[in-house]
>>> print(open('my_file_33.txt').read())   # compact mmCIF, C-alpha atoms and all ligand atoms
# COMPACT_ATOMS: atom_id res chain seq x y z
CA MET A 198 16.81 -18.81 2.89
CA LYS A 199 14.87 -17.72 -0.20
CA VAL A 200 12.03 -15.20 -0.05
CA ASN A 201 9.30 -17.61 -1.16
CA GLU A 202 10.38 -20.32 1.23
CA LEU A 203 10.35 -17.92 4.17
CA ALA A 204 6.97 -16.49 3.18
CA SER A 205 5.35 -19.89 2.89
CA LYS A 206 6.91 -21.27 6.08
CA LEU A 207 5.74 -18.32 8.15
CA GLY A 208 2.45 -17.87 6.28
CA TYR A 209 3.21 -14.34 5.12
CA GLU A 210 1.01 -12.67 2.59
CA ILE A 211 2.95 -11.70 -0.57
CA LEU A 212 1.64 -8.32 -1.74
CA THR A 213 3.76 -7.90 -4.86
CA ARG A 214 2.82 -9.74 -8.01
CA GLU A 215 6.39 -10.35 -9.00
CA HIS A 216 9.77 -10.37 -7.32
CA ASN A 217 13.12 -12.10 -7.47
CA ASP A 218 13.14 -15.16 -5.26
CA ALA A 219 16.49 -14.05 -3.89
CA ASP A 220 18.41 -15.22 -0.87
CA ILE A 221 17.80 -13.48 2.45
CA LYS A 222 21.16 -13.24 4.18
CA ASP A 223 20.23 -11.26 7.27
CA GLY A 224 17.51 -9.14 8.79
CA TYR A 225 16.99 -5.72 10.30
CA THR A 226 14.08 -4.32 12.27
CA SER A 227 13.43 -0.58 12.24
CA ASP A 228 10.95 2.08 11.26
CA LEU A 229 13.55 4.78 10.81
CA LEU A 230 15.06 4.87 7.39
CA SER A 231 18.37 6.51 8.28
CA ASP A 232 18.80 3.90 10.95
CA VAL A 233 18.30 1.20 8.34
CA MET A 234 20.56 2.98 5.86
CA GLY A 235 23.32 3.36 8.42
CA ASN A 236 23.16 0.02 10.20
CA ALA A 237 21.46 -2.77 8.26
CA SER A 238 23.59 -5.22 6.36
CA GLU A 239 23.05 -5.76 2.68
CA GLU A 240 20.65 -8.40 1.33
CA SER A 241 18.61 -8.27 4.53
CA ILE A 242 14.89 -8.57 5.00
CA LEU A 243 13.58 -5.31 6.46
CA ILE A 244 11.01 -5.78 9.23
CA THR A 245 9.03 -2.55 9.59
CA ILE A 246 5.66 -0.86 9.74
CA GLN A 247 6.60 1.70 7.08
CA GLY A 248 4.37 0.73 4.18
CA HIS A 249 5.35 3.42 1.72
CA LYS A 250 7.61 4.07 -1.16
CA ASN A 251 10.50 5.68 0.73
CA THR A 252 11.20 2.33 2.33
CA LEU A 253 11.98 0.93 -1.10
CA ALA A 254 14.53 3.62 -1.93
CA VAL A 255 16.51 2.33 1.02
CA ALA A 256 15.76 -1.32 0.27
CA SER A 257 17.03 -0.94 -3.25
CA GLN A 258 20.17 0.94 -2.13
CA LEU A 259 20.99 -1.97 0.18
CA ASP A 260 19.91 -4.78 -2.17
CA PHE A 261 17.22 -6.03 0.17
CA PRO A 262 15.30 -8.91 -1.37
CA ALA A 263 12.22 -8.32 0.80
CA VAL A 264 10.38 -5.94 3.09
CA LEU A 265 8.05 -7.38 5.72
CA ILE A 266 5.23 -5.10 6.82
CA CYS A 267 4.02 -5.84 10.35
CA ASN A 268 0.74 -5.37 12.20
CA ASN A 269 -1.16 -5.95 8.96
CA ARG A 270 -0.52 -2.35 8.00
CA THR A 271 -1.51 -1.27 4.53
CA ALA A 272 1.12 -0.93 1.86
CA ALA A 273 0.63 2.11 -0.38
CA LEU A 274 -0.15 1.26 -3.99
CA ASP A 275 2.81 3.20 -5.32
CA MET A 276 5.00 1.27 -2.93
CA LEU A 277 3.86 -2.01 -4.48
CA GLU A 278 4.30 -0.65 -7.99
CA THR A 279 7.84 0.43 -7.24
CA ALA A 280 8.61 -2.86 -5.52
CA GLU A 281 7.45 -4.79 -8.57
CA LYS A 282 9.67 -2.66 -10.78
CA LEU A 283 12.64 -3.30 -8.50
CA LYS A 284 11.67 -6.97 -8.12
CA ILE A 285 11.69 -6.59 -4.33
CA ALA A 286 9.10 -8.66 -2.47
CA VAL A 287 6.70 -6.90 -0.10
CA LEU A 288 5.40 -9.34 2.51
CA ARG A 289 2.81 -8.75 5.21
CA THR A 290 1.98 -10.29 8.58
CA LYS A 291 -0.36 -9.61 11.46
CA ASP A 292 2.54 -10.09 13.89
CA ASN A 293 4.26 -7.06 15.38
CA GLN A 294 7.94 -6.28 14.80
CA PHE A 295 9.06 -8.09 17.97
CA VAL A 296 7.34 -11.35 17.14
CA SER A 297 8.27 -11.13 13.45
CA SER A 298 11.91 -10.54 14.25
CA TYR A 299 11.97 -13.65 16.44
CA LYS A 300 10.29 -15.84 13.87
CA VAL A 301 12.40 -14.60 10.96
CA TYR A 302 15.57 -14.90 13.03
CA CYS A 303 14.81 -18.53 13.83
CA GLU A 304 14.29 -19.29 10.15
CA ILE A 305 17.34 -17.58 8.68
CA LYS A 306 19.82 -17.89 11.54
CA GLY A 307 18.46 -20.80 13.52
CA MET B 285 4.59 30.90 -51.82
CA PRO B 286 3.24 29.99 -48.39
CA ASP B 287 5.61 30.34 -45.46
CA ARG B 288 6.93 26.98 -44.41
CA PHE B 289 5.85 25.82 -41.00
CA PRO B 290 8.76 26.48 -38.60
CA ILE B 291 9.00 22.82 -37.56
CA SER B 292 10.21 20.18 -39.98
CA THR B 293 8.55 16.78 -39.92
CA GLU B 294 11.63 15.23 -41.46
CA LYS B 295 14.77 16.53 -39.88
CA SER B 296 13.99 17.96 -36.46
CA PRO B 297 15.83 16.88 -33.29
CA ASN B 298 14.60 13.58 -31.85
CA ALA B 299 12.81 15.20 -28.93
CA ILE B 300 10.70 17.27 -31.33
CA MET B 301 10.01 14.37 -33.66
CA GLU B 302 8.90 12.37 -30.67
CA VAL B 303 6.53 15.12 -29.53
CA ILE B 304 4.90 15.69 -32.94
CA LEU B 305 4.33 11.98 -33.34
CA ARG B 306 3.08 11.45 -29.81
CA LEU B 307 0.68 14.41 -29.70
CA LYS B 308 -2.61 14.06 -31.51
CA ILE B 309 -4.49 16.72 -33.40
CA LYS B 310 -7.15 16.56 -30.70
CA ASP B 311 -4.55 17.65 -28.14
CA ALA B 312 -3.96 20.91 -30.00
CA MET B 313 -7.27 21.77 -31.68
CA VAL B 314 -9.78 24.34 -30.48
CA THR B 315 -13.14 22.78 -29.69
CA LYS B 316 -15.12 25.91 -28.89
CA VAL B 317 -15.83 27.00 -32.44
CA ILE B 318 -18.49 29.37 -33.78
CA THR B 319 -20.46 27.44 -36.39
CA ALA B 320 -23.47 28.09 -38.58
CA ASP B 321 -26.21 25.61 -39.40
CA ARG B 322 -27.45 24.61 -42.82
CA ASN B 323 -30.25 27.19 -42.85
CA ALA B 324 -27.98 30.21 -42.32
CA THR B 325 -27.74 32.86 -45.01
CA MET B 326 -24.51 34.46 -46.15
CA ARG B 327 -25.64 37.58 -44.27
CA ASP B 328 -26.04 35.58 -41.03
CA ILE B 329 -22.51 34.35 -41.42
CA GLN B 330 -21.16 37.81 -42.26
CA ASN B 331 -22.68 38.96 -38.95
CA LEU B 332 -21.19 36.02 -37.07
CA MET B 333 -17.77 36.96 -38.44
CA LYS B 334 -18.19 40.60 -37.51
CA ASP B 335 -19.51 39.90 -34.00
CA ASN B 336 -16.88 37.31 -33.18
CA LYS B 337 -13.98 38.77 -35.16
CA ILE B 338 -13.37 35.54 -37.03
CA SER B 339 -12.48 34.89 -40.63
CA GLY B 340 -13.99 31.49 -41.31
CA VAL B 341 -17.17 29.72 -40.25
CA PRO B 342 -17.84 25.99 -40.59
CA VAL B 343 -21.36 25.14 -41.73
CA LEU B 344 -22.89 22.08 -40.07
CA ASP B 345 -25.81 19.84 -40.87
CA SER B 346 -26.59 18.60 -37.36
CA CYS B 347 -23.05 17.46 -36.44
CA ARG B 348 -21.68 16.86 -39.90
CA LEU B 349 -19.45 19.39 -41.60
CA ILE B 350 -20.90 20.35 -44.99
CA GLY B 351 -18.82 23.40 -45.85
CA MET B 352 -16.88 26.48 -44.79
CA VAL B 353 -17.56 30.14 -45.43
CA SER B 354 -14.47 32.32 -45.62
CA VAL B 355 -14.14 36.10 -45.78
CA ASN B 356 -13.46 35.66 -49.49
CA ASP B 357 -16.76 33.85 -49.93
CA ILE B 358 -18.51 36.76 -48.20
CA ILE B 359 -16.80 39.39 -50.39
CA HIS B 360 -17.73 37.39 -53.44
CA ALA B 361 -21.39 37.15 -52.31
CA LEU B 362 -21.54 40.90 -51.64
CA ASP B 363 -20.04 41.54 -55.05
CA LYS B 364 -22.49 39.31 -56.87
CA GLY B 365 -25.55 40.26 -54.79
CA HIS B 366 -25.91 36.80 -53.14
CA ILE B 367 -25.53 37.98 -49.58
CA GLU B 368 -29.14 37.28 -48.54
CA GLU B 369 -29.10 33.79 -50.06
CA PRO B 370 -28.53 30.49 -48.17
CA ALA B 371 -24.90 29.88 -47.31
CA ILE B 372 -25.28 26.32 -48.48
CA ASP B 373 -25.28 27.59 -52.08
CA HIS B 374 -22.18 29.76 -51.79
CA MET B 375 -19.89 28.15 -49.25
CA THR B 376 -16.73 26.25 -50.09
CA LYS B 377 -17.67 22.58 -50.24
CA SER B 378 -14.49 20.83 -51.23
CA LEU B 379 -12.67 20.96 -47.94
CA VAL B 380 -9.34 19.67 -46.72
CA VAL B 381 -10.05 18.23 -43.29
CA LEU B 382 -7.95 16.60 -40.56
CA GLU B 383 -8.97 13.76 -38.30
CA ASP B 384 -8.66 14.26 -34.56
CA ASP B 385 -6.72 11.02 -34.07
CA MET B 386 -3.94 11.86 -36.50
CA PRO B 387 -0.54 12.76 -35.08
CA LEU B 388 0.40 16.42 -35.05
CA SER B 389 3.09 15.75 -37.67
CA PHE B 390 0.27 15.18 -40.12
CA ALA B 391 -1.16 18.62 -39.49
CA ILE B 392 2.26 20.19 -39.86
CA SER B 393 2.72 18.63 -43.27
CA TYR B 394 -0.74 19.92 -44.23
CA PHE B 395 0.23 23.44 -43.26
CA ASP B 396 3.18 23.11 -45.62
CA LYS B 397 1.21 21.49 -48.41
CA TYR B 398 -1.80 23.81 -48.46
CA SER B 399 -1.96 27.52 -48.05
CA TYR B 400 -4.79 27.38 -45.51
CA ARG B 401 -4.09 28.79 -42.08
CA ARG B 402 -6.55 26.51 -40.33
CA PHE B 403 -8.25 23.23 -40.96
CA PRO B 404 -11.55 21.84 -39.76
CA VAL B 405 -11.16 18.66 -37.69
CA ILE B 406 -13.55 15.70 -37.75
CA ASP B 407 -13.59 12.48 -35.76
CA LYS B 408 -13.70 8.99 -37.15
CA ASN B 409 -17.48 9.10 -37.41
CA ARG B 410 -17.00 12.18 -39.56
CA LYS B 411 -18.53 14.38 -36.89
CA PHE B 412 -17.17 17.94 -36.73
CA THR B 413 -15.07 18.32 -33.56
CA GLY B 414 -12.99 21.49 -33.86
CA MET B 415 -10.58 23.70 -35.75
CA LEU B 416 -6.82 23.60 -35.86
CA SER B 417 -4.65 26.61 -36.68
CA SER B 418 -0.87 26.73 -36.97
CA ARG B 419 -0.92 28.87 -33.88
CA ASP B 420 -2.68 26.09 -31.92
CA VAL B 421 0.02 23.66 -33.03
CA LEU B 422 2.85 25.98 -32.00
CA SER B 423 1.32 26.70 -28.64
CA VAL B 424 0.84 23.05 -27.67
CA MET B 425 4.34 22.25 -28.96
CA LEU B 426 5.84 24.95 -26.77
CA GLN B 427 4.04 23.67 -23.70
CA GLU B 428 5.16 20.13 -24.40
CA LEU B 429 8.75 21.10 -25.12
CA ASN B 430 8.86 23.11 -21.92
CA LYS B 431 7.97 19.96 -20.01
CA GLU B 432 10.49 17.97 -22.00
CA ILE B 433 13.31 20.44 -21.35
CA LYS B 434 12.53 20.44 -17.66
CA GLU B 435 12.87 16.68 -17.55
CA LEU B 436 16.09 16.77 -19.52
CA GLU B 437 17.50 19.36 -17.15
CA GLU B 438 16.76 17.07 -14.26
CA LYS B 439 18.80 14.24 -15.64
CA ILE B 440 21.41 16.46 -17.15
CA VAL B 441 24.83 14.90 -17.32
CA ASN B 442 27.26 17.62 -16.64
CA GLU B 443 30.31 16.69 -18.58
CA ARG B 444 31.64 20.23 -18.89
CA ASP B 445 33.56 20.16 -15.65
CA GLU B 446 34.96 16.70 -16.01
CA LEU B 447 38.70 16.41 -15.68
CA PRO B 448 40.53 13.63 -17.48
CA ASN B 449 39.69 10.26 -15.83
CA GLN B 450 36.90 11.89 -13.88
CA ILE B 451 33.21 11.13 -14.11
CA ALA B 452 30.85 13.94 -13.13
CA ARG B 453 27.11 13.56 -12.53
CA ASP B 454 24.72 16.29 -11.60
CA PHE B 455 21.14 15.96 -10.34
CA PHE B 456 18.46 18.47 -9.42
CA ILE B 457 16.41 17.62 -6.36
CA LYS B 458 13.04 19.21 -5.76
CA LYS B 459 11.37 19.90 -2.45
CA PHE B 460 9.23 16.98 -1.22
CA ASP B 461 9.80 15.08 -4.44
CA PHE B 462 9.68 11.61 -2.88
CA GLU B 463 8.81 10.28 -6.30
CA ASN B 464 12.42 10.78 -7.37
CA ALA B 465 14.22 10.81 -4.03
CA GLY B 466 16.82 8.08 -4.10
CA LYS B 467 17.25 8.17 -7.87
CA SER B 468 20.56 10.00 -7.88
CA SER B 469 21.97 7.60 -5.28
CA PHE B 470 20.80 4.75 -7.45
CA GLU B 471 22.70 6.23 -10.40
CA LEU B 472 25.83 6.70 -8.33
CA LYS B 473 25.67 3.11 -7.15
CA LYS B 474 25.29 1.89 -10.73
CA LEU B 475 28.24 3.97 -11.86
CA LEU B 476 30.46 2.69 -9.04
CA LYS B 477 29.51 -0.89 -9.76
CA GLU B 478 30.48 -0.43 -13.39
CA LYS B 479 33.78 0.96 -12.19
CA ASN B 480 34.29 -2.20 -10.09
CA VAL B 481 34.57 -0.27 -6.87
CA SER B 482 34.50 -2.58 -3.83
CA SER B 483 31.11 -3.22 -2.28
CA ALA B 484 32.17 -1.76 1.08
CA VAL B 485 33.07 1.54 -0.55
CA ILE B 486 29.88 1.50 -2.62
CA ARG B 487 27.93 0.99 0.58
CA ARG B 488 29.54 4.01 2.22
CA ALA B 489 28.97 6.17 -0.85
CA SER B 490 25.33 5.01 -0.94
CA VAL B 491 24.77 6.08 2.63
CA ALA B 492 26.26 9.53 2.05
CA SER B 493 24.50 10.21 -1.24
CA TYR B 494 21.13 8.92 -0.07
CA GLU B 495 21.15 10.88 3.19
CA LEU B 496 22.26 14.11 1.53
CA GLU B 497 19.76 13.71 -1.28
CA ILE B 498 16.89 13.07 1.12
CA ASN B 499 17.89 15.99 3.30
CA ILE B 500 17.67 18.32 0.31
CA ALA B 501 14.21 16.92 -0.48
CA ILE B 502 12.80 17.14 3.03
CA HIS B 503 14.59 20.04 4.70
CA SER B 504 15.44 22.49 1.91
CA GLU B 505 13.75 24.49 -0.80
CA GLY B 506 15.40 22.26 -3.38
CA GLY B 507 18.93 21.87 -4.58
CA ARG B 508 21.42 19.90 -6.46
CA ILE B 509 23.75 16.99 -5.86
CA VAL B 510 26.99 16.47 -7.77
CA TYR B 511 29.10 13.33 -7.89
CA LEU B 512 32.72 13.47 -8.97
CA VAL B 513 34.40 10.10 -9.29
CA ASP B 514 37.98 9.44 -10.32
CA ASP B 515 40.45 6.63 -9.74
CA GLU B 516 41.23 7.86 -6.27
CA LYS B 517 38.05 9.09 -4.65
CA ILE B 518 34.33 9.76 -4.73
CA GLU B 519 33.21 13.30 -4.00
CA ILE B 520 29.58 13.93 -3.13
CA ILE B 521 28.60 17.58 -3.08
CA ALA B 522 25.11 18.65 -2.00
CA ASN B 523 24.00 22.25 -2.35
CA ASP B 524 20.62 23.81 -1.76
CA THR B 525 19.05 27.23 -1.86
CA GLY B 526 17.79 27.54 1.71
CA PRO B 527 16.55 27.89 4.38
CA GLY B 528 19.97 27.05 5.85
CA ILE B 529 20.91 25.63 9.25
CA GLU B 530 21.36 27.84 12.27
CA ASN B 531 23.91 25.77 14.11
CA VAL B 532 25.77 23.18 12.04
CA ASP B 533 27.49 21.78 15.15
CA ARG B 534 24.18 20.42 16.38
CA VAL B 535 23.24 18.55 13.21
CA VAL B 536 26.34 16.38 13.31
CA GLU B 537 25.18 15.03 16.67
CA GLU B 538 23.07 11.92 16.50
CA GLY B 539 19.41 12.43 17.32
CA TYR B 540 19.04 16.08 16.41
CA SER B 541 16.15 16.57 14.01
CA THR B 542 13.66 19.29 13.16
CA ALA B 543 11.48 16.93 11.12
CA ASN B 544 7.77 17.46 11.75
CA GLU B 545 5.13 14.84 12.48
CA TRP B 546 4.29 14.33 8.82
CA ILE B 547 7.94 13.81 7.79
CA ARG B 548 8.40 11.40 10.70
CA SER B 549 5.42 9.36 9.61
CA LEU B 550 7.31 8.74 6.37
CA GLY B 551 10.23 7.17 8.21
CA PHE B 552 12.51 10.19 8.36
CA GLY B 553 13.58 12.30 11.30
CA ALA B 554 15.77 10.00 13.39
CA GLY B 555 18.45 12.68 13.24
CA MET B 556 20.89 10.12 11.91
CA GLY B 557 21.34 11.26 8.32
CA ILE B 558 24.18 13.71 8.82
CA PRO B 559 25.93 11.59 11.52
CA ASN B 560 25.73 8.57 9.18
CA THR B 561 27.19 10.60 6.36
CA LYS B 562 30.00 11.90 8.52
CA ARG B 563 30.81 8.41 9.77
CA VAL B 564 31.16 6.91 6.28
CA SER B 565 33.17 9.84 4.90
CA ASP B 566 36.95 10.18 4.89
CA GLU B 567 36.50 13.91 4.61
CA PHE B 568 33.34 15.71 5.65
CA GLU B 569 32.42 19.36 5.50
CA ILE B 570 29.17 21.17 6.18
CA THR B 571 28.62 24.89 5.83
CA SER B 572 25.37 26.74 6.00
CA GLU B 573 24.00 30.24 6.02
CA ILE B 574 20.48 31.14 7.08
CA GLY B 575 18.50 32.40 4.13
CA LYS B 576 21.19 31.32 1.67
CA GLY B 577 21.48 27.57 1.83
CA THR B 578 23.43 24.57 2.97
CA SER B 579 26.42 22.96 1.39
CA VAL B 580 27.71 19.52 2.35
CA LYS B 581 30.72 17.74 0.93
CA SER B 582 31.64 14.14 1.56
CA VAL B 583 34.79 12.54 0.20
CA ILE B 584 35.34 8.78 0.21
CA TYR B 585 38.66 7.27 -0.90
CA LEU B 586 38.56 4.17 -3.05
CA GLU B 587 41.73 2.60 -1.69
CA LYS B 588 40.31 2.41 1.81
CA LYS B 589 38.46 -0.65 0.56
CA ASN B 590 40.91 -3.12 2.10
CA GLU B 591 40.79 -1.47 5.47
CA SER B 592 37.03 -1.43 5.81
CA GLU B 593 36.39 -4.93 4.57
N1 LIG C 1 19.80 20.60 3.46
C1 LIG C 1 19.35 21.01 4.65
N2 LIG C 1 18.75 22.22 4.78
C2 LIG C 1 18.29 22.64 5.97
N3 LIG C 1 18.36 21.91 7.10
C3 LIG C 1 18.94 20.71 7.04
C4 LIG C 1 19.48 20.20 5.82
N4 LIG C 1 20.00 18.99 6.07
C5 LIG C 1 19.81 18.76 7.38
N5 LIG C 1 19.18 19.78 7.97
C6 LIG C 1 18.85 19.92 9.41
O1 LIG C 1 19.68 19.04 10.12
C7 LIG C 1 18.88 18.15 10.89
C8 LIG C 1 19.58 16.83 11.02
O2 LIG C 1 19.69 16.20 9.74
P1 LIG C 1 19.82 14.62 9.68
O3 LIG C 1 19.86 14.20 8.27
O4 LIG C 1 20.95 14.23 10.54
O5 LIG C 1 18.50 14.13 10.39
P2 LIG C 1 17.01 14.17 9.82
O6 LIG C 1 17.03 14.42 8.37
O7 LIG C 1 16.21 15.10 10.63
O8 LIG C 1 16.54 12.69 10.12
P3 LIG C 1 17.02 11.37 9.37
O9 LIG C 1 18.10 11.77 8.41
O10 LIG C 1 17.50 10.47 10.44
O11 LIG C 1 15.83 10.86 8.65
C9 LIG C 1 17.56 18.11 10.18
O12 LIG C 1 16.49 17.75 11.01
C10 LIG C 1 17.43 19.56 9.72
O13 LIG C 1 17.00 20.39 10.76
MG MG C 2 18.24 13.33 7.09
>>> encode(input="my_file_33.txt", output="structure tokens", more="lines below")
Ligand SMILES: Nc1ncnc2c1ncn2[C@@H]1O[C@H](COP(=O)(O)OP(=O)(O)OP(=O)(O)O)[C@@H](O)[C@H]1O
Ligand SMILES: [Mg+2]
Amino acid sequence: MKVNELASKLGYEILTREHNDADIKDGYTSDLLSDVMGNASEESILITIQGHKNTLAVASQLDFPAVLICNNRTAALDMLETAEKLKIAVLRTKDNQFVSSYKVYCEIKG
Amino acid sequence: MPDRFPISTEKSPNAIMEVILRLKIKDAMVTKVITADRNATMRDIQNLMKDNKISGVPVLDSCRLIGMVSVNDIIHALDKGHIEEPAIDHMTKSLVVLEDDMPLSFAISYFDKYSYRRFPVIDKNRKFTGMLSSRDVLSVMLQELNKEIKELEEKIVNERDELPNQIARDFFIKKFDFENAGKSSFELKKLLKEKNVSSAVIRRASVASYELEINIAIHSEGGRIVYLVDDEKIEIIANDTGPGIENVDRVVEEGYSTANEWIRSLGFGAGMGIPNTKRVSDEFEITSEIGKGTSVKSVIYLEKKNESE
């Protein structure tokens, strides 16, 4: 499923002004970057509360099309700037990681 | 014949050309300047020169520059008995001035064209804003080139040690430089893609390079990461200058981390970096000495690609 389709279906806020509307092949939920780096599969959506730039270094290494920030946490401005440069979407929801993972799973795997 | 300015505006290296075109005269000029107003006498200005140990004084009418008095003008006035008369009658009025918005290259060509050592600077409303000497230009150039060289050093491509068929890349990593953390891994990934290395191998190399790079940034005083790629293998070598690890056997165990609260809040500190790196490597080596530094080497073979897919 494409980033925009997922965002609109689940009512996620899109924080970046531009991104590639790429295909989301899988998902991974974690707030620990080495865990993501070691275990997530490529082209996943990352479900996390880490709203800062370091998240994007990992996302870009693994060709993630999108990062979903949970609990309505703020995304740092430099994170959004970097995301726009990398064309990675930063999405936001009020749901926590558990609920988000369920909803996203149903959309992309269901 | 005036000495030529030591920087050419025509055939300098690109980095220098870029700097002298990018920097403006206002970036180099001195704005705290001793000036005289239109009512000053030549004697007043002689005193200003003596008290402030300067050799030229701009004369202003409110903010507008109307002339300059040089040491020569003073000598001349003493000689001819004009020293108590208004400066306005004996100053140099036909001036060569620079505008503060002009690029520095303009000033450099002026230093070559005229024999003056300094020029008054005005803004676009013709208001006097400062003075520019060749020394000011050289000093701002040196500062700028220092910055430039530092940046170049950081992205230095170390081709000296390359063997035939080998690509070598070398990156400096600074302490807590999250701004650039991940950049060297990004470069490695790009290079491997260009080399058509399989995506599974690229993934493993990404894990190792990213983890080692981040560890240098968060746990060490700063260091360096080197990538050596040939047709057989990828070598990732991370070296830093301290503080070193007391017991390297512990860090290869999953979950061991000394990351503090602040580092953890940034998403690091799971204690998985080194174990991840070891897992993706075909050969893995870590050595460390307290006070000296840590050295980690990860080797990944390209032909393993079939196996791991
Ligand atoms: N270059 C280094 N210099 C000094 N100590 C290091 C270095 N690299 C790792 N360490 C030590 O080894 C520990 C384990 O490193 P590892 O990368 O496995 O985990 P981490 O960096 O703490 O957390 P994570 O990588 O999961 O974000 C670190 O907490 C640190 O104490
Ligand atoms: Mg680590």
>>> atom_distance(input="my_file_33.txt", atom1="atom C3 of ligand LIG 1 (chain C)", atom2="atom CA of Ser565 of chain B")
18.0 Å
>>> closest_atom_pairs(input="my_file_33.txt", of="chain A", to="ligand LIG 1 (chain C)", cutoff="12 Å", atoms="only C-alpha atoms and all ligand atoms", output="JSON lines")
{"residue": "A:Ser227", "atom": "CA", "partner": "C:LIG1", "partner_atom": "O10", "distance": 11.9}
{"residue": "A:Asp228", "atom": "CA", "partner": "C:LIG1", "partner_atom": "O11", "distance": 10.4}
{"residue": "A:Leu229", "atom": "CA", "partner": "C:LIG1", "partner_atom": "O11", "distance": 6.8}
{"residue": "A:Leu230", "atom": "CA", "partner": "C:LIG1", "partner_atom": "O11", "distance": 6.2}
{"residue": "A:Ser231", "atom": "CA", "partner": "C:LIG1", "partner_atom": "O10", "distance": 4.6}
{"residue": "A:Asp232", "atom": "CA", "partner": "C:LIG1", "partner_atom": "O10", "distance": 6.7}
{"residue": "A:Val233", "atom": "CA", "partner": "C:LIG1", "partner_atom": "O10", "distance": 9.5}
{"residue": "A:Met234", "atom": "CA", "partner": "C:LIG1", "partner_atom": "O10", "distance": 9.3}
{"residue": "A:Gly235", "atom": "CA", "partner": "C:LIG1", "partner_atom": "O10", "distance": 9.4}
{"residue": "A:Asn236", "atom": "CA", "partner": "C:LIG1", "partner_atom": "O10", "distance": 11.9}
{"residue": "A:Asn251", "atom": "CA", "partner": "C:LIG1", "partner_atom": "O11", "distance": 10.9}
{"residue": "A:Thr252", "atom": "CA", "partner": "C:LIG1", "partner_atom": "O11", "distance": 11.6}
{"residue": "A:Val255", "atom": "CA", "partner": "C:LIG1", "partner_atom": "O11", "distance": 11.5}
>>> interface_residues(input="my_file_33.txt", of="chain B", to="chain A", cutoff="10 Å", atoms="all atoms listed in the file", output="NGL selection string")
:B and (462-467 or 469-470 or 473 or 483 or 486-488 or 490-492 or 494-495 or 498 or 548-561 or 563-564)
>>> closest_residue(input="my_file_33.txt", among="B:Ser541, B:Asn298, B:Gln450, B:Ser346", to="ligand MG 2 (chain C)", atoms="all atoms listed in the file")
B:Ser541
>>> residues_around(input="my_file_33.txt", residues="segment 280-295 of chain A", least_positions_apart="4", cutoff="8 Å", atoms="only C-alpha atoms", output="PyMOL selection string")
chain A and resi 200+204+208-217+226+244-246+253+257+261-270+276+299
